[in-house]
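Enquirer: Got a structure for you, protein02.txt, holding compact mmCIF, N, CA and C atoms.
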# COMPACT_ATOMS: atom_id res chain seq x y z
N MET A 1 72.18 -114.73 70.31
CA MET A 1 71.81 -115.75 71.27
C MET A 1 70.75 -116.65 70.64
N SER A 2 70.84 -117.90 70.92
CA SER A 2 69.88 -118.86 70.39
C SER A 2 68.53 -118.71 71.08
N SER A 3 67.52 -118.33 70.32
CA SER A 3 66.19 -118.17 70.91
C SER A 3 65.48 -119.52 71.06
N THR A 4 66.10 -120.60 70.58
CA THR A 4 65.49 -121.91 70.69
C THR A 4 65.97 -122.69 71.91
N ALA A 5 66.90 -122.12 72.67
CA ALA A 5 67.40 -122.82 73.85
C ALA A 5 66.30 -122.94 74.89
N GLU A 6 66.17 -124.12 75.45
CA GLU A 6 65.17 -124.37 76.49
C GLU A 6 65.59 -123.66 77.77
N TYR A 7 64.65 -122.96 78.41
CA TYR A 7 64.95 -122.22 79.63
C TYR A 7 64.95 -123.16 80.83
N GLU A 8 65.99 -123.02 81.62
CA GLU A 8 66.07 -123.75 82.89
C GLU A 8 66.23 -122.72 84.00
N PRO A 9 65.22 -122.57 84.86
CA PRO A 9 65.30 -121.57 85.93
C PRO A 9 66.50 -121.80 86.84
N SER A 10 66.95 -120.73 87.44
CA SER A 10 68.07 -120.78 88.37
C SER A 10 67.76 -121.72 89.54
N PRO A 11 68.76 -122.42 90.04
CA PRO A 11 68.55 -123.24 91.24
C PRO A 11 68.39 -122.37 92.49
N TRP A 12 68.74 -121.09 92.40
CA TRP A 12 68.54 -120.16 93.51
C TRP A 12 67.11 -119.66 93.42
N ASP A 13 66.29 -120.01 94.40
CA ASP A 13 64.87 -119.67 94.38
C ASP A 13 64.62 -118.18 94.18
N TRP A 14 65.37 -117.32 94.88
CA TRP A 14 65.11 -115.89 94.79
C TRP A 14 65.35 -115.37 93.38
N VAL A 15 66.35 -115.94 92.68
CA VAL A 15 66.63 -115.52 91.29
C VAL A 15 65.50 -115.98 90.38
N ALA A 16 65.14 -117.25 90.48
CA ALA A 16 64.07 -117.79 89.63
C ALA A 16 62.76 -117.05 89.86
N GLU A 17 62.45 -116.75 91.12
CA GLU A 17 61.20 -116.04 91.44
C GLU A 17 61.22 -114.61 90.93
N GLN A 18 62.35 -113.92 91.08
CA GLN A 18 62.43 -112.54 90.59
C GLN A 18 62.30 -112.49 89.08
N VAL A 19 63.00 -113.36 88.38
CA VAL A 19 62.93 -113.39 86.92
C VAL A 19 61.50 -113.68 86.47
N ALA A 20 60.86 -114.66 87.08
CA ALA A 20 59.48 -115.02 86.69
C ALA A 20 58.53 -113.84 86.90
N GLU A 21 58.63 -113.18 88.03
CA GLU A 21 57.74 -112.05 88.32
C GLU A 21 58.04 -110.86 87.40
N TYR A 22 59.32 -110.61 87.15
CA TYR A 22 59.72 -109.51 86.26
C TYR A 22 59.15 -109.74 84.86
N GLU A 23 59.36 -110.94 84.34
CA GLU A 23 58.88 -111.24 82.98
C GLU A 23 57.36 -111.25 82.91
N ALA A 24 56.70 -111.81 83.90
CA ALA A 24 55.23 -111.89 83.90
C ALA A 24 54.59 -110.50 83.93
N SER A 25 55.29 -109.54 84.52
CA SER A 25 54.73 -108.19 84.65
C SER A 25 55.28 -107.22 83.62
N GLY A 26 56.06 -107.73 82.66
CA GLY A 26 56.66 -106.83 81.67
C GLY A 26 57.60 -105.83 82.31
N GLY A 27 58.27 -106.24 83.37
CA GLY A 27 59.22 -105.38 84.06
C GLY A 27 58.60 -104.39 85.03
N GLU A 28 57.30 -104.52 85.28
CA GLU A 28 56.61 -103.58 86.20
C GLU A 28 56.80 -103.97 87.67
N ARG A 29 57.04 -105.27 87.93
CA ARG A 29 57.24 -105.75 89.29
C ARG A 29 58.57 -106.50 89.36
N ALA A 30 59.09 -106.65 90.57
CA ALA A 30 60.35 -107.36 90.79
C ALA A 30 61.48 -106.73 89.97
N ASN A 31 61.42 -105.40 89.82
CA ASN A 31 62.37 -104.71 88.94
C ASN A 31 63.45 -103.95 89.70
N THR A 32 63.62 -104.30 91.00
CA THR A 32 64.69 -103.71 91.78
C THR A 32 65.42 -104.80 92.55
N LEU A 33 66.61 -104.46 93.00
CA LEU A 33 67.37 -105.38 93.85
C LEU A 33 66.67 -105.46 95.19
N THR A 34 66.08 -106.59 95.46
CA THR A 34 65.27 -106.81 96.66
C THR A 34 64.45 -105.56 96.95
N ASP A 35 64.58 -104.99 98.15
CA ASP A 35 63.77 -103.81 98.46
C ASP A 35 64.61 -102.53 98.52
N THR A 36 65.73 -102.50 97.78
CA THR A 36 66.62 -101.34 97.80
C THR A 36 66.13 -100.20 96.92
N GLY A 37 65.27 -100.52 95.94
CA GLY A 37 64.85 -99.51 94.98
C GLY A 37 65.82 -99.35 93.83
N ILE A 38 66.92 -100.09 93.83
CA ILE A 38 67.92 -100.00 92.74
C ILE A 38 67.44 -100.86 91.58
N PRO A 39 67.26 -100.27 90.39
CA PRO A 39 66.72 -101.00 89.24
C PRO A 39 67.63 -102.13 88.75
N ILE A 40 66.97 -103.16 88.23
CA ILE A 40 67.68 -104.28 87.62
C ILE A 40 67.20 -104.47 86.18
N ILE A 41 67.96 -105.26 85.44
CA ILE A 41 67.58 -105.77 84.13
C ILE A 41 67.63 -107.28 84.23
N VAL A 42 67.06 -107.97 83.27
CA VAL A 42 67.19 -109.42 83.22
C VAL A 42 67.95 -109.77 81.94
N MET A 43 69.08 -110.46 82.13
CA MET A 43 69.90 -110.89 81.00
C MET A 43 69.71 -112.39 80.78
N THR A 44 69.54 -112.77 79.52
CA THR A 44 69.44 -114.18 79.15
C THR A 44 70.63 -114.55 78.30
N THR A 45 71.34 -115.59 78.71
CA THR A 45 72.46 -116.15 77.96
C THR A 45 72.17 -117.64 77.74
N VAL A 46 73.04 -118.28 76.98
CA VAL A 46 72.97 -119.73 76.81
C VAL A 46 74.10 -120.35 77.62
N GLY A 47 73.75 -121.32 78.46
CA GLY A 47 74.74 -121.98 79.30
C GLY A 47 75.83 -122.62 78.47
N HIS A 48 77.07 -122.31 78.79
CA HIS A 48 78.19 -122.84 78.00
C HIS A 48 78.36 -124.35 78.16
N LYS A 49 77.86 -124.92 79.22
CA LYS A 49 77.92 -126.38 79.41
C LYS A 49 76.59 -127.04 79.08
N SER A 50 75.50 -126.44 79.57
CA SER A 50 74.18 -127.07 79.45
C SER A 50 73.50 -126.82 78.11
N GLY A 51 73.82 -125.69 77.47
CA GLY A 51 73.11 -125.30 76.24
C GLY A 51 71.71 -124.78 76.50
N LYS A 52 71.37 -124.57 77.78
CA LYS A 52 70.04 -124.10 78.15
C LYS A 52 70.07 -122.59 78.37
N ALA A 53 68.92 -121.95 78.14
CA ALA A 53 68.80 -120.52 78.39
C ALA A 53 68.89 -120.29 79.90
N ARG A 54 69.70 -119.31 80.27
CA ARG A 54 69.90 -118.94 81.68
C ARG A 54 69.55 -117.47 81.84
N LYS A 55 68.79 -117.15 82.86
CA LYS A 55 68.34 -115.78 83.09
C LYS A 55 68.81 -115.32 84.46
N ILE A 56 69.32 -114.09 84.48
CA ILE A 56 69.85 -113.55 85.73
C ILE A 56 69.51 -112.07 85.84
N PRO A 57 69.04 -111.64 87.02
CA PRO A 57 68.86 -110.21 87.23
C PRO A 57 70.21 -109.57 87.52
N LEU A 58 70.48 -108.44 86.87
CA LEU A 58 71.72 -107.70 87.07
C LEU A 58 71.38 -106.23 87.31
N MET A 59 72.29 -105.52 87.95
CA MET A 59 72.10 -104.09 88.16
C MET A 59 71.91 -103.38 86.83
N ARG A 60 71.02 -102.43 86.80
CA ARG A 60 70.78 -101.65 85.58
C ARG A 60 71.79 -100.50 85.53
N VAL A 61 72.84 -100.70 84.70
CA VAL A 61 73.85 -99.67 84.49
C VAL A 61 73.80 -99.36 83.00
N GLU A 62 73.02 -98.33 82.65
CA GLU A 62 72.76 -97.99 81.25
C GLU A 62 73.35 -96.62 80.94
N HIS A 63 73.89 -96.50 79.74
CA HIS A 63 74.41 -95.22 79.26
C HIS A 63 74.34 -95.21 77.74
N GLY A 64 73.60 -94.26 77.19
CA GLY A 64 73.53 -94.11 75.74
C GLY A 64 72.99 -95.34 75.01
N GLY A 65 72.07 -96.07 75.64
CA GLY A 65 71.49 -97.25 75.01
C GLY A 65 72.31 -98.52 75.16
N GLU A 66 73.45 -98.43 75.84
CA GLU A 66 74.28 -99.60 76.12
C GLU A 66 74.20 -99.89 77.62
N TYR A 67 74.58 -101.11 77.98
CA TYR A 67 74.54 -101.53 79.38
C TYR A 67 75.90 -102.08 79.79
N ALA A 68 76.28 -101.79 81.04
CA ALA A 68 77.44 -102.45 81.64
C ALA A 68 76.95 -103.69 82.36
N LEU A 69 77.62 -104.79 82.13
CA LEU A 69 77.33 -106.04 82.82
C LEU A 69 78.56 -106.33 83.67
N ILE A 70 78.43 -106.16 84.96
CA ILE A 70 79.57 -106.20 85.87
C ILE A 70 79.58 -107.55 86.58
N ALA A 71 80.62 -108.33 86.30
CA ALA A 71 80.73 -109.70 86.80
C ALA A 71 81.38 -109.72 88.19
N SER A 72 80.72 -109.08 89.15
CA SER A 72 81.32 -108.87 90.46
C SER A 72 81.31 -110.11 91.36
N LYS A 73 80.22 -110.82 91.38
CA LYS A 73 80.01 -111.94 92.31
C LYS A 73 80.37 -111.53 93.74
N GLY A 74 80.01 -110.28 94.05
CA GLY A 74 80.22 -109.79 95.41
C GLY A 74 81.66 -109.69 95.84
N GLY A 75 82.59 -109.66 94.87
CA GLY A 75 84.01 -109.57 95.20
C GLY A 75 84.66 -110.90 95.50
N ASN A 76 83.95 -112.00 95.25
CA ASN A 76 84.50 -113.34 95.49
C ASN A 76 85.71 -113.61 94.58
N PRO A 77 86.48 -114.64 94.90
CA PRO A 77 87.68 -114.93 94.10
C PRO A 77 87.39 -115.48 92.70
N THR A 78 86.16 -115.92 92.45
CA THR A 78 85.82 -116.49 91.14
C THR A 78 84.76 -115.65 90.45
N HIS A 79 84.70 -115.79 89.13
CA HIS A 79 83.69 -115.10 88.34
C HIS A 79 82.33 -115.76 88.51
N PRO A 80 81.25 -115.01 88.31
CA PRO A 80 79.92 -115.63 88.34
C PRO A 80 79.75 -116.57 87.14
N SER A 81 78.83 -117.50 87.26
CA SER A 81 78.61 -118.49 86.19
C SER A 81 78.30 -117.83 84.86
N TRP A 82 77.51 -116.75 84.88
CA TRP A 82 77.12 -116.13 83.61
C TRP A 82 78.32 -115.58 82.84
N TYR A 83 79.41 -115.24 83.53
CA TYR A 83 80.63 -114.76 82.86
C TYR A 83 81.08 -115.77 81.80
N TYR A 84 81.10 -117.04 82.17
CA TYR A 84 81.58 -118.09 81.26
C TYR A 84 80.62 -118.29 80.09
N ASN A 85 79.33 -118.08 80.32
CA ASN A 85 78.36 -118.15 79.22
C ASN A 85 78.64 -117.05 78.20
N VAL A 86 78.92 -115.85 78.69
CA VAL A 86 79.17 -114.70 77.80
C VAL A 86 80.49 -114.86 77.05
N VAL A 87 81.51 -115.38 77.72
CA VAL A 87 82.79 -115.61 77.05
C VAL A 87 82.60 -116.63 75.92
N ALA A 88 81.81 -117.67 76.17
CA ALA A 88 81.58 -118.71 75.16
C ALA A 88 80.71 -118.21 74.01
N ASP A 89 79.77 -117.31 74.30
CA ASP A 89 78.86 -116.78 73.27
C ASP A 89 78.52 -115.34 73.65
N PRO A 90 79.16 -114.36 73.01
CA PRO A 90 78.97 -112.96 73.41
C PRO A 90 77.69 -112.32 72.89
N HIS A 91 76.61 -113.06 72.95
CA HIS A 91 75.29 -112.54 72.57
C HIS A 91 74.32 -112.85 73.70
N ALA A 92 73.41 -111.93 73.92
CA ALA A 92 72.42 -112.10 75.00
C ALA A 92 71.19 -111.30 74.66
N THR A 93 70.12 -111.61 75.37
CA THR A 93 68.98 -110.70 75.36
C THR A 93 68.97 -110.00 76.71
N ILE A 94 68.54 -108.75 76.67
CA ILE A 94 68.40 -107.98 77.88
C ILE A 94 66.99 -107.43 77.90
N GLN A 95 66.32 -107.65 79.03
CA GLN A 95 64.99 -107.10 79.21
C GLN A 95 65.08 -105.97 80.22
N ASP A 96 64.76 -104.77 79.76
CA ASP A 96 64.74 -103.58 80.59
C ASP A 96 63.38 -102.94 80.37
N GLY A 97 62.36 -103.56 80.93
CA GLY A 97 60.99 -103.12 80.69
C GLY A 97 60.19 -104.24 80.07
N PRO A 98 59.27 -103.90 79.17
CA PRO A 98 58.31 -104.90 78.70
C PRO A 98 58.86 -106.00 77.80
N ALA A 99 59.90 -105.75 77.02
CA ALA A 99 60.32 -106.76 76.04
C ALA A 99 61.83 -106.90 76.00
N PRO A 100 62.32 -108.14 75.86
CA PRO A 100 63.76 -108.34 75.72
C PRO A 100 64.23 -107.95 74.31
N LEU A 101 65.46 -107.44 74.25
CA LEU A 101 66.09 -107.09 72.98
C LEU A 101 67.43 -107.80 72.88
N ASP A 102 67.91 -108.00 71.65
CA ASP A 102 69.17 -108.69 71.42
C ASP A 102 70.35 -107.72 71.54
N TYR A 103 71.43 -108.22 72.14
CA TYR A 103 72.64 -107.43 72.34
C TYR A 103 73.87 -108.25 72.01
N THR A 104 74.91 -107.56 71.60
CA THR A 104 76.23 -108.13 71.44
C THR A 104 77.08 -107.60 72.59
N LEU A 105 77.82 -108.49 73.22
CA LEU A 105 78.59 -108.14 74.41
C LEU A 105 80.07 -108.15 74.11
N ARG A 106 80.79 -107.21 74.72
CA ARG A 106 82.24 -107.19 74.57
C ARG A 106 82.88 -106.85 75.91
N LEU A 107 83.96 -107.54 76.20
CA LEU A 107 84.72 -107.30 77.42
C LEU A 107 85.52 -106.02 77.22
N VAL A 108 85.44 -105.11 78.18
CA VAL A 108 86.19 -103.85 78.06
C VAL A 108 87.33 -103.83 79.07
N SER A 109 88.35 -103.02 78.77
CA SER A 109 89.52 -102.93 79.63
C SER A 109 90.01 -101.49 79.67
N GLY A 110 91.03 -101.26 80.49
CA GLY A 110 91.67 -99.95 80.57
C GLY A 110 90.72 -98.83 80.94
N ALA A 111 90.88 -97.69 80.25
CA ALA A 111 90.09 -96.50 80.56
C ALA A 111 88.60 -96.74 80.32
N GLU A 112 88.28 -97.52 79.30
CA GLU A 112 86.87 -97.78 79.02
C GLU A 112 86.24 -98.59 80.17
N ARG A 113 86.96 -99.59 80.65
CA ARG A 113 86.47 -100.36 81.80
C ARG A 113 86.29 -99.46 83.01
N ALA A 114 87.28 -98.61 83.28
CA ALA A 114 87.21 -97.72 84.43
C ALA A 114 85.99 -96.80 84.34
N GLU A 115 85.71 -96.29 83.14
CA GLU A 115 84.57 -95.41 82.95
C GLU A 115 83.25 -96.14 83.24
N TRP A 116 83.12 -97.36 82.69
CA TRP A 116 81.90 -98.13 82.91
C TRP A 116 81.80 -98.59 84.36
N TYR A 117 82.92 -98.94 84.98
CA TYR A 117 82.87 -99.36 86.38
C TYR A 117 82.44 -98.20 87.26
N ALA A 118 82.91 -97.00 86.95
CA ALA A 118 82.49 -95.81 87.70
C ALA A 118 80.99 -95.59 87.55
N ARG A 119 80.46 -95.82 86.36
CA ARG A 119 79.00 -95.72 86.18
C ARG A 119 78.29 -96.75 87.06
N GLY A 120 78.89 -97.94 87.13
CA GLY A 120 78.31 -99.00 87.96
C GLY A 120 78.30 -98.63 89.43
N THR A 121 79.40 -98.07 89.93
CA THR A 121 79.44 -97.71 91.35
C THR A 121 78.52 -96.52 91.64
N ALA A 122 78.25 -95.68 90.65
CA ALA A 122 77.29 -94.58 90.84
C ALA A 122 75.89 -95.15 91.06
N VAL A 123 75.58 -96.26 90.39
CA VAL A 123 74.28 -96.90 90.55
C VAL A 123 74.25 -97.75 91.82
N TYR A 124 75.33 -98.49 92.05
CA TYR A 124 75.39 -99.45 93.14
C TYR A 124 76.74 -99.30 93.85
N PRO A 125 76.84 -98.41 94.85
CA PRO A 125 78.11 -98.14 95.51
C PRO A 125 78.88 -99.35 96.03
N PRO A 126 78.24 -100.46 96.46
CA PRO A 126 79.03 -101.60 96.93
C PRO A 126 79.99 -102.19 95.87
N TYR A 127 79.78 -101.86 94.59
CA TYR A 127 80.74 -102.34 93.58
C TYR A 127 82.16 -101.90 93.93
N ALA A 128 82.34 -100.74 94.55
CA ALA A 128 83.68 -100.28 94.92
C ALA A 128 84.30 -101.24 95.94
N GLU A 129 83.52 -101.64 96.93
CA GLU A 129 84.00 -102.60 97.93
C GLU A 129 84.28 -103.96 97.30
N TYR A 130 83.43 -104.34 96.36
CA TYR A 130 83.61 -105.64 95.70
C TYR A 130 84.94 -105.69 94.95
N GLN A 131 85.32 -104.57 94.30
CA GLN A 131 86.58 -104.58 93.58
C GLN A 131 87.75 -104.68 94.54
N VAL A 132 87.68 -104.02 95.68
CA VAL A 132 88.75 -104.12 96.68
C VAL A 132 88.88 -105.58 97.13
N ALA A 133 87.76 -106.21 97.42
CA ALA A 133 87.79 -107.62 97.85
C ALA A 133 88.33 -108.52 96.74
N ALA A 134 87.88 -108.30 95.51
CA ALA A 134 88.34 -109.13 94.38
C ALA A 134 89.83 -108.94 94.14
N THR A 135 90.31 -107.71 94.27
CA THR A 135 91.75 -107.43 94.10
C THR A 135 92.55 -108.21 95.13
N GLY A 136 92.02 -108.32 96.33
CA GLY A 136 92.68 -109.11 97.37
C GLY A 136 92.79 -110.58 97.00
N HIS A 137 91.92 -111.03 96.10
CA HIS A 137 91.96 -112.40 95.60
C HIS A 137 92.71 -112.48 94.27
N GLY A 138 93.29 -111.35 93.84
CA GLY A 138 94.02 -111.34 92.57
C GLY A 138 93.12 -111.27 91.35
N ARG A 139 91.92 -110.74 91.50
CA ARG A 139 90.97 -110.71 90.40
C ARG A 139 90.50 -109.29 90.12
N GLU A 140 90.57 -108.89 88.85
CA GLU A 140 89.90 -107.66 88.44
C GLU A 140 88.51 -108.06 87.98
N ILE A 141 87.51 -107.35 88.47
CA ILE A 141 86.14 -107.69 88.11
C ILE A 141 85.91 -107.36 86.63
N PRO A 142 85.52 -108.36 85.84
CA PRO A 142 85.27 -108.12 84.42
C PRO A 142 84.03 -107.26 84.19
N VAL A 143 84.12 -106.42 83.17
CA VAL A 143 83.00 -105.58 82.77
C VAL A 143 82.76 -105.80 81.27
N PHE A 144 81.54 -106.15 80.94
CA PHE A 144 81.13 -106.29 79.55
C PHE A 144 80.23 -105.11 79.22
N VAL A 145 80.31 -104.65 77.98
CA VAL A 145 79.38 -103.63 77.50
C VAL A 145 78.47 -104.31 76.48
N ALA A 146 77.17 -104.14 76.68
CA ALA A 146 76.16 -104.72 75.80
C ALA A 146 75.68 -103.63 74.85
N THR A 147 75.82 -103.90 73.56
CA THR A 147 75.41 -102.97 72.51
C THR A 147 74.27 -103.61 71.73
N PRO A 148 73.20 -102.86 71.40
CA PRO A 148 72.11 -103.47 70.65
C PRO A 148 72.60 -104.11 69.35
N SER A 149 72.09 -105.30 69.06
CA SER A 149 72.50 -106.03 67.85
C SER A 149 71.76 -105.51 66.64
Can the structure in the file be given as structure tokens, please?
Expert:
Amino acid sequence: MSSTAEYEPSPWDWVAEQVAEYEASGGERANTLTDTGIPIIVMTTVGHKSGKARKIPLMRVEHGGEYALIASKGGNPTHPSWYYNVVADPHATIQDGPAPLDYTLRLVSGAERAEWYARGTAVYPPYAEYQVAATGHGREIPVFVATPS
């Protein structure tokens, strides 16, 4: 990922505020999904159209030093914006605590996708409902695995 890309905060206030608080505290604050207690990470990608750094909080689904990045968008018929950034450039930084680290991302399928998706639903059970909703729209929710670069 280009570390020289200028950061442009999310137009969604809650996302921009959570990312700012998470980063300012080294991951000590704003590190859960609202008040659920479910941990999050902050992923930074480069916008495929804007070329600007984009930061998004995602569910923390970690296994063996890798992370699942689940492009659920709540089961909507379309992928989240960050999906297109990752497809265009499969590199990102992930902050899970005090400092961001570089990762290479790959889209997984078949049994590997099923395994990572199951890990995701263990962390955040609504992912199961999201897949049912997405299937109704003809969409399988993409899952990327982030491996340290």
Enquirer: Between A:Val108, A:Tyr117, A:Leu58, A:Gly74, which has the minimum distance to A:Tyr130 (counting only N, CA and C atoms)?
Expert: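 Residue with the minimum atom-to-atom distance to A:Tyr130: A:Gly74.
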Enquirer: Per DSSP on the backbone, what are the strand (DSSP E) residues of chain A, as a ChimeraX atom specification?
Expert: /A:40-46,53-59,62-63,66-70,91-95,100-108,143-148
Enquirer: List every residue of chain A that DSSP, applied to the backbone, labels as helix (DSSP H, G or I), and write the result as a ChimeraX atom specification.
Expert: /A:13-24,73-75,81-88,110-123,126-136
Enquirer: Suppose you want the space between atom CA of A:Tyr22 and atom CA of A:Pro39; what is it in Å?
Expert: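 For atom CA of A:Tyr22 relative to atom CA of A:Pro39, the distance reads 11.4 Å.
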Enquirer: Residues of stretch 55-83 of chain A that approach stretch 122-125 of chain A to 8 Å or less, counting only C-alpha atoms: could you list each one with the shortest pair of atoms and its distance in Å to one decimal, rows by chain and increasing residue number, as a tab-separated table?
Expert:
residue	atom	partner	partner_atom	distance
A:Met59	CA	A:Tyr124	CA	7.6
A:Arg60	CA	A:Val123	CA	7.7
A:Val61	CA	A:Val123	CA	6.7
Enquirer: For stretch 28-30 of chain A, find every residue with an atom within 9 Å (counting only C-alpha atoms), except residues of its own chain fewer than 3 positions away, and show them as an NGL selection string.
Expert: :A and (17-25 or 33-34 or 40 or 97-98)
Enquirer: Please provide as a count of residues only all residues within 6 Å of A:Lys55, with the sequence filter that same-chain residues fewer than 5 positions apart are discarded (counting only N, CA and C atoms).
Expert: 3
Enquirer: Between atom CA of A:Pro77 and atom CA of A:Gln131, what distance in Å does the model show, to one decimal?
Expert: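 That distance, rounded to one decimal, is 10.4 Å.
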Enquirer: Given only C-alpha atoms as the basis, pick out the residue of A:Arg54, A:Tyr83, A:Gly136, A:Asp96 nearest to A:Thr32.
Expert: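 Nearest to A:Thr32: A:Asp96.
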Enquirer: Calculated over all atoms listed in the file, which of the candidates A:Glu140, A:Asp35, A:Glu115, A:Glu8 has the smallest distance to A:Ser72?
Expert: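 Once distances to A:Ser72 are computed over all atoms listed in the file, the minimum belongs to A:Glu140.
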Enquirer: Select, from A:Pro9, A:Pro148, A:Gly47, A:Gly138, the residue with the minimum atom-to-atom distance to A:Asn76, counting all atoms listed in the file.
Expert: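 Comparing A:Pro9, A:Pro148, A:Gly47, A:Gly138 against A:Asn76, the winner is A:Gly138.
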Enquirer: Which of these residues is nearest to A:Gln95, using all atoms listed in the file: A:Val143, A:Val42, A:Arg113, A:Asn31?
Expert: A:Val42
Enquirer: Fewer than 6 positions away in the same chain doesn't count, so skip those; otherwise give me all residues within 10 Å of A:Leu107, counting only C-alpha atoms, as number ranges by chain.
Expert: A: 68-70, 86-87, 90, 113, 142-146
Enquirer: The selected residues should be written to file as a compact mmCIF listing (two decimals), keeping the file's coordinate frame (atoms: N, CA and C atoms).
Expert:
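Writing done, so here's part00.txt:
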# COMPACT_ATOMS: atom_id res chain seq x y z
N ALA A 68 76.28 -101.79 81.04
CA ALA A 68 77.44 -102.45 81.64
C ALA A 68 76.95 -103.69 82.36
N LEU A 69 77.62 -104.79 82.13
CA LEU A 69 77.33 -106.04 82.82
C LEU A 69 78.56 -106.33 83.67
N ILE A 70 78.43 -106.16 84.96
CA ILE A 70 79.57 -106.20 85.87
C ILE A 70 79.58 -107.55 86.58
N VAL A 86 78.92 -115.85 78.69
CA VAL A 86 79.17 -114.70 77.80
C VAL A 86 80.49 -114.86 77.05
N VAL A 87 81.51 -115.38 77.72
CA VAL A 87 82.79 -115.61 77.05
C VAL A 87 82.60 -116.63 75.92
N PRO A 90 79.16 -114.36 73.01
CA PRO A 90 78.97 -112.96 73.41
C PRO A 90 77.69 -112.32 72.89
N ARG A 113 86.96 -99.59 80.65
CA ARG A 113 86.47 -100.36 81.80
C ARG A 113 86.29 -99.46 83.01
N PRO A 142 85.52 -108.36 85.84
CA PRO A 142 85.27 -108.12 84.42
C PRO A 142 84.03 -107.26 84.19
N VAL A 143 84.12 -106.42 83.17
CA VAL A 143 83.00 -105.58 82.77
C VAL A 143 82.76 -105.80 81.27
N PHE A 144 81.54 -106.15 80.94
CA PHE A 144 81.13 -106.29 79.55
C PHE A 144 80.23 -105.11 79.22
N VAL A 145 80.31 -104.65 77.98
CA VAL A 145 79.38 -103.63 77.50
C VAL A 145 78.47 -104.31 76.48
N ALA A 146 77.17 -104.14 76.68
CA ALA A 146 76.16 -104.72 75.80
C ALA A 146 75.68 -103.63 74.85
Enquirer: Rounded to one decimal place, report the atom C of A:Tyr127-atom N of A:Ala114 distance in Å.
Expert: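 Interatomic distance, atom C of A:Tyr127 to atom N of A:Ala114: 12.3 Å.
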Enquirer: Of the candidates A:Gly75, A:His91, A:Thr147, A:Leu105, which one gets nearest to A:Glu129 if we count all atoms listed in the file?
Expert: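 Under the stated criterion, the closest residue is A:Gly75.
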